[in-house]
Amino acid sequence: MQNVFELKYLSLIVCAGAMLFATACKEEKESNAGSMGGGQKPAGPPPVFDAVVAGSFAIDRIVSAPGTILPNENTELQSEISGRVVAINFKEGSNVAKGTLLVKLFDGDLQAQLKKLEVQLKVAEATERRQKELLAINGTSQQDYDLATLNVSNIKADMELLRVNISKTEIRAPFDGRLGLRNISLGAYISPATIITNIAQVNTVKVEFAVPEKYAAEMQPGKSVRLSSLSSNTNYTATILAAQNSIAAETRNLIVRAVVNGGKSLSPGSFVEVGIDVGNRQPAIMVPTQSVIPSTRNKSVIVSENGKAVFRVVETGYRDSARIEILSGISSGDTVITNGLLTIKPGMPLKTRVKQ
């Protein structure tokens with residue numbers, strides 16, 4: 001029994017010694033590590049980021065804008081007076097020449113008044129001739145002759161007024177064009193507020209579009225722009241006719257109109273994409289769009305200088321599908337970082353992998 005107790009006691013002493021030895025070894029290793037690195041892990045290599053070398057490129061500055069096709073001329077036809085429609089002389093959608101009679105209103109009462117004045121004019125002219133003959137032999141006074149002449153003039157003026165009123169019963173085409181849908185029927189009583197139909201000059205069409213105010217100086221009459229139609233998959237050219245005399249305060253855009261060259265196949269009201277050349281092929285510093293970091297106050301890019309990250313505030317200009325122009329902030333030859341921008345801090349060491 002005593003032998004068993006002595007064996008257990010000896011085992012406990014051996015285990016305790018082993019634990020003390022392991023603890024001493026661990027403390028020695030930590031002490032050695034602390035003396036070598038000052039208590040910090042050795043720093044790893046700096047991360048590698050994609051970059052491009054900023055260079056000058058000759059670019060075509062093309063601004064795209066949505067446009068709407070307009071007829072060269074377009075107006076709604078309405079009557080100047082009220083009356084009953086007695087004749088309709090046009091077909092919907094037909095082409096008519098300038099001056100063609102389209103609609104006739106009832107003018108029987110005006111024609112009757114005109115015939116009455118024609119009879120009165122004959123009598124007044126005969127009276128004037130007799131007064132003139134009597135005046136030559138001093139058979140009447142100058143005043144009577146003047147009154148007879150005045151009566152003739154008054155009747156002629158009344159007749160001219162009636163002819164003008166009769167002409168208002170005829171609605172004619174104001175220019176060569178294509179008629180739209182008819183809104184009246186034979187026998188209808190119309191007023192000046194009634195829209196009879198509309199007429200549009202579609203042999204020549206215009207395009208209307210809006211550009212930002214920064215390009216307003218470029219929109220000069222005679223400048224050519226390019227059009228692409230989604231409906232016909234055809235490209236056209238247009239010549240700027242005029243621009244609005246002021247910039248819209250709501251949108252800060254300038255409204256521009258251009259005459260389309262050979263655009264007979266374009267329907268008024270259809271959509272086109274307008275491409276405007278807003279600058280010649282002058283060299284410009286271009287960088288990938290994703291390399292620019294926007295903020296509330298400015299824009300910046302990250303440049304690698306001597307292996308460290310430097311943030312540069314930049315001013316941007318023209319932008320295309322993949323690149324953006326840098327007007328100020330960097331120079332040609334600077335190495336601009338293009339990826340991992342949110343993980344980079346100012347002054348951070350980094351390596352770059354330049355891509356062409």
# chains A, B, ... in the order shown; residues from 1 in each chain; ligands from 1

call {"tool": "residues_around", "arguments": {"residues": "Thr289 of chain A", "least_positions_apart": "2", "cutoff": "6 Å", "atoms": "only C-alpha atoms", "output": "VMD selection string"}}
result
chain A and resid 291 to 292 322 to 324

call {"tool": "closest_atom_pairs", "arguments": {"of": "segment 237-322 of chain A", "to": "segment 194-218 of chain A", "cutoff": "7 Å", "atoms": "only C-alpha atoms", "output": "Markdown table"}}
result
| residue | atom | partner | partner_atom | distance |
| --- | --- | --- | --- | --- |
| A:Ile247 | CA | A:Glu213 | CA | 6.9 |
| A:Arg252 | CA | A:Glu213 | CA | 5.9 |
| A:Asn253 | CA | A:Pro212 | CA | 4.5 |
| A:Leu254 | CA | A:Ala210 | CA | 5.3 |
| A:Ile255 | CA | A:Ala210 | CA | 4.5 |
| A:Val256 | CA | A:Phe209 | CA | 5.5 |
| A:Arg257 | CA | A:Glu208 | CA | 4.5 |
| A:Ala258 | CA | A:Val207 | CA | 5.3 |
| A:Val259 | CA | A:Lys206 | CA | 4.4 |
| A:Val260 | CA | A:Lys206 | CA | 5.4 |
| A:Gly263 | CA | A:Val205 | CA | 6.3 |
| A:Lys264 | CA | A:Asn203 | CA | 5.6 |
| A:Val278 | CA | A:Glu218 | CA | 6.2 |

call {"tool": "closest_atom_pairs", "arguments": {"of": "segment 161-226 of chain A", "to": "segment 84-98 of chain A", "cutoff": "12 Å", "atoms": "only C-alpha atoms", "output": "tab-separated table"}}
result
residue	atom	partner	partner_atom	distance
A:Thr169	CA	A:Val85	CA	9.0
A:Glu170	CA	A:Ala87	CA	9.6
A:Ile171	CA	A:Ile88	CA	9.7
A:Arg172	CA	A:Lys98	CA	7.6
A:Ala173	CA	A:Lys98	CA	5.1
A:Pro174	CA	A:Lys98	CA	5.5
A:Phe175	CA	A:Lys98	CA	4.1
A:Asp176	CA	A:Ala97	CA	4.4
A:Gly177	CA	A:Asn95	CA	5.6
A:Arg178	CA	A:Asn95	CA	4.3
A:Leu179	CA	A:Gly93	CA	4.9
A:Gly180	CA	A:Gly93	CA	5.1
A:Leu181	CA	A:Glu92	CA	5.2
A:Arg182	CA	A:Glu92	CA	6.1
A:Asn183	CA	A:Glu92	CA	9.9
A:Ile184	CA	A:Val85	CA	8.6
A:Ser185	CA	A:Val85	CA	7.6
A:Leu186	CA	A:Val85	CA	5.6
A:Gly187	CA	A:Val85	CA	4.9
A:Ala188	CA	A:Val85	CA	5.5
A:Tyr189	CA	A:Arg84	CA	4.3
A:Ile190	CA	A:Arg84	CA	6.3
A:Ser191	CA	A:Arg84	CA	9.0
A:Pro192	CA	A:Arg84	CA	11.9
A:Thr194	CA	A:Val85	CA	11.8
A:Ile196	CA	A:Ile88	CA	10.3
A:Thr197	CA	A:Glu92	CA	8.6
A:Asn198	CA	A:Gly93	CA	9.8
A:Ile199	CA	A:Asn95	CA	9.0
A:Ala200	CA	A:Asn95	CA	9.4
A:Gln201	CA	A:Asn95	CA	9.3
A:Val202	CA	A:Asn95	CA	9.9
A:Asn203	CA	A:Asn95	CA	10.5

call {"tool": "write_last_selection", "arguments": {"atoms": "N, CA and C atoms", "output": "mmCIF file, in the first residue's frame"}}
result
data_model
loop_
_atom_site.group_PDB
_atom_site.id
_atom_site.type_symbol
_atom_site.label_atom_id
_atom_site.label_comp_id
_atom_site.auth_asym_id
_atom_site.auth_seq_id
_atom_site.Cartn_x
_atom_site.Cartn_y
_atom_site.Cartn_z
ATOM 1 N N THR A 169 -64.909 83.721 -96.172
ATOM 2 C CA THR A 169 -65.701 82.486 -96.194
ATOM 3 C C THR A 169 -64.981 81.374 -96.959
ATOM 4 N N GLU A 170 -63.798 81.676 -97.485
ATOM 5 C CA GLU A 170 -63.008 80.685 -98.220
ATOM 6 C C GLU A 170 -61.722 80.403 -97.443
ATOM 7 N N ILE A 171 -61.549 79.168 -96.995
ATOM 8 C CA ILE A 171 -60.328 78.766 -96.280
ATOM 9 C C ILE A 171 -59.404 78.109 -97.287
ATOM 10 N N ARG A 172 -58.246 78.738 -97.525
ATOM 11 C CA ARG A 172 -57.299 78.269 -98.529
ATOM 12 C C ARG A 172 -55.990 77.831 -97.871
ATOM 13 N N ALA A 173 -55.226 77.017 -98.596
ATOM 14 C CA ALA A 173 -53.940 76.537 -98.090
ATOM 15 C C ALA A 173 -52.946 77.693 -98.042
ATOM 16 N N PRO A 174 -52.315 77.936 -96.883
ATOM 17 C CA PRO A 174 -51.374 79.058 -96.791
ATOM 18 C C PRO A 174 -50.033 78.773 -97.444
ATOM 19 N N PHE A 175 -49.697 77.498 -97.665
ATOM 20 C CA PHE A 175 -48.441 77.123 -98.308
ATOM 21 C C PHE A 175 -48.574 75.702 -98.829
ATOM 22 N N ASP A 176 -47.625 75.289 -99.659
ATOM 23 C CA ASP A 176 -47.600 73.908 -100.140
ATOM 24 C C ASP A 176 -47.357 72.975 -98.958
ATOM 25 N N GLY A 177 -48.172 71.930 -98.846
ATOM 26 C CA GLY A 177 -47.984 71.027 -97.721
ATOM 27 C C GLY A 177 -48.938 69.860 -97.753
ATOM 28 N N ARG A 178 -48.876 69.063 -96.688
ATOM 29 C CA ARG A 178 -49.725 67.888 -96.548
ATOM 30 C C ARG A 178 -50.767 68.147 -95.468
ATOM 31 N N LEU A 179 -52.015 67.825 -95.794
ATOM 32 C CA LEU A 179 -53.114 68.043 -94.862
ATOM 33 C C LEU A 179 -53.212 66.896 -93.872
ATOM 34 N N GLY A 180 -53.717 67.222 -92.691
ATOM 35 C CA GLY A 180 -53.928 66.209 -91.668
ATOM 36 C C GLY A 180 -55.360 65.702 -91.680
ATOM 37 N N LEU A 181 -55.855 65.314 -90.520
ATOM 38 C CA LEU A 181 -57.200 64.780 -90.396
ATOM 39 C C LEU A 181 -58.220 65.905 -90.357
ATOM 40 N N ARG A 182 -59.407 65.629 -90.948
ATOM 41 C CA ARG A 182 -60.477 66.631 -90.989
ATOM 42 C C ARG A 182 -61.307 66.549 -89.710
ATOM 43 N N ASN A 183 -61.605 67.718 -89.131
ATOM 44 C CA ASN A 183 -62.359 67.780 -87.877
ATOM 45 C C ASN A 183 -63.771 68.313 -88.041
ATOM 46 N N ILE A 184 -64.197 68.571 -89.264
ATOM 47 C CA ILE A 184 -65.539 69.107 -89.510
ATOM 48 C C ILE A 184 -66.227 68.265 -90.572
ATOM 49 N N SER A 185 -67.541 68.470 -90.688
ATOM 50 C CA SER A 185 -68.328 67.791 -91.714
ATOM 51 C C SER A 185 -69.140 68.817 -92.485
ATOM 52 N N LEU A 186 -69.637 68.395 -93.633
ATOM 53 C CA LEU A 186 -70.451 69.269 -94.466
ATOM 54 C C LEU A 186 -71.715 69.671 -93.709
ATOM 55 N N GLY A 187 -72.040 70.973 -93.725
ATOM 56 C CA GLY A 187 -73.223 71.479 -93.035
ATOM 57 C C GLY A 187 -72.961 71.913 -91.605
ATOM 58 N N ALA A 188 -71.778 71.675 -91.107
ATOM 59 C CA ALA A 188 -71.466 72.062 -89.723
ATOM 60 C C ALA A 188 -71.350 73.581 -89.621
ATOM 61 N N TYR A 189 -71.740 74.105 -88.455
ATOM 62 C CA TYR A 189 -71.573 75.536 -88.195
ATOM 63 C C TYR A 189 -70.306 75.702 -87.373
ATOM 64 N N ILE A 190 -69.353 76.424 -87.930
ATOM 65 C CA ILE A 190 -68.063 76.565 -87.262
ATOM 66 C C ILE A 190 -67.846 78.012 -86.849
ATOM 67 N N SER A 191 -66.920 78.175 -85.917
ATOM 68 C CA SER A 191 -66.540 79.498 -85.420
ATOM 69 C C SER A 191 -65.033 79.647 -85.562
ATOM 70 N N PRO A 192 -64.489 80.830 -85.282
ATOM 71 C CA PRO A 192 -63.033 80.991 -85.359
ATOM 72 C C PRO A 192 -62.269 80.069 -84.418
ATOM 73 N N THR A 194 -62.909 76.887 -84.079
ATOM 74 C CA THR A 194 -62.950 75.526 -84.618
ATOM 75 C C THR A 194 -61.707 75.237 -85.445
ATOM 76 N N ILE A 196 -60.199 73.262 -88.244
ATOM 77 C CA ILE A 196 -60.681 72.507 -89.401
ATOM 78 C C ILE A 196 -59.771 71.319 -89.679
ATOM 79 N N THR A 197 -58.506 71.578 -89.811
ATOM 80 C CA THR A 197 -57.478 70.552 -90.004
ATOM 81 C C THR A 197 -56.143 71.228 -89.787
ATOM 82 N N ASN A 198 -55.077 70.502 -89.979
ATOM 83 C CA ASN A 198 -53.761 71.140 -89.927
ATOM 84 C C ASN A 198 -53.009 70.815 -91.217
ATOM 85 N N ILE A 199 -52.077 71.685 -91.545
ATOM 86 C CA ILE A 199 -51.273 71.505 -92.744
ATOM 87 C C ILE A 199 -49.807 71.631 -92.350
ATOM 88 N N ALA A 200 -48.992 70.725 -92.882
ATOM 89 C CA ALA A 200 -47.571 70.702 -92.552
ATOM 90 C C ALA A 200 -46.753 70.589 -93.823
ATOM 91 N N GLN A 201 -45.636 71.280 -93.832
ATOM 92 C CA GLN A 201 -44.700 71.199 -94.950
ATOM 93 C C GLN A 201 -43.646 70.164 -94.592
ATOM 94 N N VAL A 202 -43.773 68.971 -95.152
ATOM 95 C CA VAL A 202 -42.931 67.846 -94.765
ATOM 96 C C VAL A 202 -41.874 67.497 -95.810
ATOM 97 N N ASN A 203 -41.844 68.211 -96.940
ATOM 98 C CA ASN A 203 -40.769 67.961 -97.901
ATOM 99 C C ASN A 203 -39.414 68.321 -97.303
#

call {"tool": "residues_around", "arguments": {"residues": "Ser304 of chain A", "least_positions_apart": "6", "cutoff": "10 Å", "atoms": "only C-alpha atoms", "output": "ChimeraX atom specification"}}
result
/A:49,51,310-311,334-337,347-352

call {"tool": "write_last_selection", "arguments": {"atoms": "all heavy atoms", "output": "short mmCIF file (atom, residue, chain, number, x, y, z; two decimals), in the first residue's frame"}}
result
data_model
loop_
_atom_site.label_atom_id
_atom_site.label_comp_id
_atom_site.auth_asym_id
_atom_site.auth_seq_id
_atom_site.Cartn_x
_atom_site.Cartn_y
_atom_site.Cartn_z
N PHE A 49 -1.40 47.85 -57.30
CA PHE A 49 -2.61 48.43 -57.87
C PHE A 49 -2.41 48.67 -59.36
O PHE A 49 -1.30 48.96 -59.81
CB PHE A 49 -2.95 49.76 -57.19
CG PHE A 49 -3.31 49.64 -55.73
CD1 PHE A 49 -2.34 49.75 -54.75
CD2 PHE A 49 -4.62 49.40 -55.35
CE1 PHE A 49 -2.67 49.65 -53.42
CE2 PHE A 49 -4.96 49.28 -54.02
CZ PHE A 49 -3.98 49.40 -53.05
N ALA A 51 -2.67 50.80 -62.76
CA ALA A 51 -2.47 52.23 -63.00
C ALA A 51 -2.29 52.47 -64.48
O ALA A 51 -2.04 51.54 -65.26
CB ALA A 51 -1.25 52.74 -62.23
N VAL A 310 -0.55 59.84 -53.52
CA VAL A 310 -0.79 61.27 -53.38
C VAL A 310 -2.13 61.60 -54.02
O VAL A 310 -2.38 61.23 -55.18
CB VAL A 310 0.34 62.09 -54.06
CG1 VAL A 310 0.03 63.57 -53.97
CG2 VAL A 310 1.67 61.78 -53.42
N PHE A 311 -2.99 62.28 -53.27
CA PHE A 311 -4.31 62.66 -53.77
C PHE A 311 -4.21 64.03 -54.43
O PHE A 311 -3.68 64.98 -53.84
CB PHE A 311 -5.33 62.70 -52.63
CG PHE A 311 -5.81 61.34 -52.19
CD1 PHE A 311 -4.96 60.45 -51.55
CD2 PHE A 311 -7.12 60.94 -52.43
CE1 PHE A 311 -5.38 59.20 -51.14
CE2 PHE A 311 -7.56 59.70 -52.03
CZ PHE A 311 -6.70 58.82 -51.39
N ASP A 334 2.10 61.49 -65.40
CA ASP A 334 1.77 61.07 -64.04
C ASP A 334 1.16 59.66 -64.06
O ASP A 334 0.43 59.31 -64.99
CB ASP A 334 0.79 62.05 -63.39
CG ASP A 334 1.45 63.37 -63.04
OD1 ASP A 334 2.70 63.39 -62.98
OD2 ASP A 334 0.73 64.36 -62.81
N THR A 335 1.47 58.89 -63.02
CA THR A 335 0.92 57.53 -62.90
C THR A 335 -0.35 57.60 -62.05
O THR A 335 -0.29 57.91 -60.86
CB THR A 335 1.94 56.59 -62.25
OG1 THR A 335 3.14 56.59 -63.03
CG2 THR A 335 1.39 55.17 -62.17
N VAL A 336 -1.48 57.30 -62.66
CA VAL A 336 -2.79 57.43 -62.02
C VAL A 336 -3.32 56.05 -61.67
O VAL A 336 -3.36 55.16 -62.53
CB VAL A 336 -3.78 58.17 -62.94
CG1 VAL A 336 -5.15 58.31 -62.27
CG2 VAL A 336 -3.23 59.55 -63.30
N ILE A 337 -3.72 55.87 -60.42
CA ILE A 337 -4.26 54.59 -59.95
C ILE A 337 -5.69 54.44 -60.46
O ILE A 337 -6.48 55.40 -60.45
CB ILE A 337 -4.23 54.51 -58.41
CG1 ILE A 337 -2.83 54.84 -57.89
CG2 ILE A 337 -4.66 53.13 -57.94
CD1 ILE A 337 -1.75 53.94 -58.42
N GLY A 347 -0.34 59.00 -48.59
CA GLY A 347 0.98 58.63 -48.13
C GLY A 347 1.21 57.14 -48.01
O GLY A 347 2.30 56.70 -47.60
N MET A 348 0.23 56.34 -48.35
CA MET A 348 0.34 54.89 -48.21
C MET A 348 1.33 54.34 -49.26
O MET A 348 1.28 54.70 -50.43
CB MET A 348 -1.05 54.27 -48.41
CG MET A 348 -1.08 52.78 -48.51
SD MET A 348 -2.80 52.23 -48.75
CE MET A 348 -2.51 50.49 -49.14
N PRO A 349 2.26 53.45 -48.85
CA PRO A 349 3.17 52.84 -49.83
C PRO A 349 2.39 51.89 -50.76
O PRO A 349 1.47 51.20 -50.31
CB PRO A 349 4.16 52.05 -48.97
CG PRO A 349 3.91 52.44 -47.57
CD PRO A 349 2.56 53.02 -47.47
N LEU A 350 2.72 51.91 -52.01
CA LEU A 350 2.03 51.05 -52.96
C LEU A 350 2.91 50.77 -54.16
O LEU A 350 3.85 51.51 -54.46
CB LEU A 350 0.70 51.66 -53.40
CG LEU A 350 0.66 53.14 -53.83
CD1 LEU A 350 1.14 53.32 -55.24
CD2 LEU A 350 -0.74 53.71 -53.66
N LYS A 351 2.62 49.66 -54.78
CA LYS A 351 3.25 49.30 -56.05
C LYS A 351 2.20 49.38 -57.15
O LYS A 351 1.01 49.17 -56.91
CB LYS A 351 3.81 47.88 -55.98
CG LYS A 351 5.06 47.76 -55.13
CD LYS A 351 5.65 46.35 -55.24
CE LYS A 351 6.94 46.24 -54.44
NZ LYS A 351 7.53 44.86 -54.56
N THR A 352 2.63 49.69 -58.35
CA THR A 352 1.70 49.88 -59.46
C THR A 352 2.00 48.90 -60.58
O THR A 352 3.16 48.51 -60.79
CB THR A 352 1.78 51.31 -60.01
OG1 THR A 352 3.10 51.59 -60.43
CG2 THR A 352 1.33 52.31 -58.96
#

call {"tool": "residues_around", "arguments": {"residues": "segment 233-241 of chain A", "least_positions_apart": "4", "cutoff": "7 Å", "atoms": "only C-alpha atoms", "output": "list in words"}}
result
Gln220, Pro221, Gly222, Lys223, Ser224, Val225, Arg226, Leu227, Ser228, Ser229, Arg257, Ala258, Val259, Val260 and Asn261 of chain A

call {"tool": "write_last_selection", "arguments": {"atoms": "C-alpha atoms", "output": "mmCIF file, in the first residue's frame"}}
result
data_model
loop_
_atom_site.group_PDB
_atom_site.id
_atom_site.type_symbol
_atom_site.label_atom_id
_atom_site.label_comp_id
_atom_site.auth_asym_id
_atom_site.auth_seq_id
_atom_site.Cartn_x
_atom_site.Cartn_y
_atom_site.Cartn_z
ATOM 1 C CA GLN A 220 -23.581 78.909 -84.637
ATOM 2 C CA PRO A 221 -25.812 79.033 -87.764
ATOM 3 C CA GLY A 222 -24.367 76.917 -90.567
ATOM 4 C CA LYS A 223 -22.696 74.386 -88.254
ATOM 5 C CA SER A 224 -23.319 70.747 -89.216
ATOM 6 C CA VAL A 225 -24.587 68.106 -86.789
ATOM 7 C CA ARG A 226 -25.178 64.374 -87.209
ATOM 8 C CA LEU A 227 -28.490 62.577 -86.698
ATOM 9 C CA SER A 228 -29.260 58.918 -86.165
ATOM 10 C CA SER A 229 -32.834 57.668 -86.405
ATOM 11 C CA ARG A 257 -33.077 74.091 -84.466
ATOM 12 C CA ALA A 258 -31.414 72.669 -87.553
ATOM 13 C CA VAL A 259 -32.612 71.885 -91.077
ATOM 14 C CA VAL A 260 -32.233 68.194 -91.950
ATOM 15 C CA ASN A 261 -30.532 67.478 -95.258
#

call {"tool": "residues_around", "arguments": {"residues": "Arg163 of chain A", "least_positions_apart": "4", "cutoff": "10 Å", "atoms": "only C-alpha atoms", "output": "PDB file with N, CA, C and O atoms, in the first residue's frame"}}
result
ATOM      1  N   LEU A 110     -73.943  87.843 -98.103  1.00  0.00           N
ATOM      2  CA  LEU A 110     -72.916  88.799 -98.512  1.00  0.00           C
ATOM      3  C   LEU A 110     -72.955  89.040-100.015  1.00  0.00           C
ATOM      4  O   LEU A 110     -72.762  90.178-100.479  1.00  0.00           O
ATOM      5  N   GLN A 111     -73.212  87.983-100.793  1.00  0.00           N
ATOM      6  CA  GLN A 111     -73.310  88.147-102.237  1.00  0.00           C
ATOM      7  C   GLN A 111     -74.500  89.031-102.602  1.00  0.00           C
ATOM      8  O   GLN A 111     -74.429  89.848-103.538  1.00  0.00           O
ATOM      9  N   LEU A 114     -73.612  92.564-102.001  1.00  0.00           N
ATOM     10  CA  LEU A 114     -72.689  93.033-103.029  1.00  0.00           C
ATOM     11  C   LEU A 114     -73.433  93.409-104.299  1.00  0.00           C
ATOM     12  O   LEU A 114     -73.130  94.442-104.930  1.00  0.00           O
ATOM     13  N   ALA A 157     -66.106 101.703-101.507  1.00  0.00           N
ATOM     14  CA  ALA A 157     -65.481 101.230-100.272  1.00  0.00           C
ATOM     15  C   ALA A 157     -66.316 100.136 -99.620  1.00  0.00           C
ATOM     16  O   ALA A 157     -65.773  99.136 -99.119  1.00  0.00           O
ATOM     17  N   ASP A 158     -67.638 100.311 -99.623  1.00  0.00           N
ATOM     18  CA  ASP A 158     -68.519  99.278 -99.050  1.00  0.00           C
ATOM     19  C   ASP A 158     -68.406  97.970 -99.839  1.00  0.00           C
ATOM     20  O   ASP A 158     -68.432  96.876 -99.258  1.00  0.00           O
ATOM     21  N   MET A 159     -68.295  98.101-101.163  1.00  0.00           N
ATOM     22  CA  MET A 159     -68.158  96.900-101.984  1.00  0.00           C
ATOM     23  C   MET A 159     -66.845  96.172-101.689  1.00  0.00           C
ATOM     24  O   MET A 159     -66.791  94.943-101.608  1.00  0.00           O
ATOM     25  N   SER A 167     -64.212  86.844 -99.008  1.00  0.00           N
ATOM     26  CA  SER A 167     -62.976  86.051 -99.064  1.00  0.00           C
ATOM     27  C   SER A 167     -62.729  85.304 -97.756  1.00  0.00           C
ATOM     28  O   SER A 167     -62.085  84.247 -97.741  1.00  0.00           O
ATOM     29  N   LYS A 168     -63.255  85.823 -96.653  1.00  0.00           N
ATOM     30  CA  LYS A 168     -63.090  85.133 -95.375  1.00  0.00           C
ATOM     31  C   LYS A 168     -63.936  83.875 -95.274  1.00  0.00           C
ATOM     32  O   LYS A 168     -63.708  83.044 -94.385  1.00  0.00           O
TER      33      LYS A 168
END

call {"tool": "closest_residue", "arguments": {"among": "A:Ile155, A:Pro294, A:Ala136, A:Arg61", "to": "Leu121 of chain A", "atoms": "only C-alpha atoms"}}
result
A:Ile155

call {"tool": "select_by_dssp", "arguments": {"residues": "segment 73-314 of chain A", "states": "helix (DSSP H, G or I)", "output": "count of residues only"}}
result
64

call {"tool": "select_by_dssp", "arguments": {"residues": "segment 40-245 of chain A", "states": "strand (DSSP E or B)", "output": "VMD selection string"}}
result
chain A and resid 48 to 53 55 to 58 62 to 78 83 to 88 95 to 96 101 to 105 170 to 172 177 to 179 189 to 190 195 to 212 224 to 229 235 to 243

call {"tool": "closest_residue", "arguments": {"among": "A:Pro268, A:Gly83, A:Pro288, A:Gly139", "to": "Asn339 of chain A", "atoms": "only C-alpha atoms"}}
result
A:Pro288

call {"tool": "closest_residue", "arguments": {"among": "A:Ile166, A:Val119, A:Leu150, A:Leu134", "to": "Leu105 of chain A", "atoms": "only C-alpha atoms"}}
result
A:Ile166
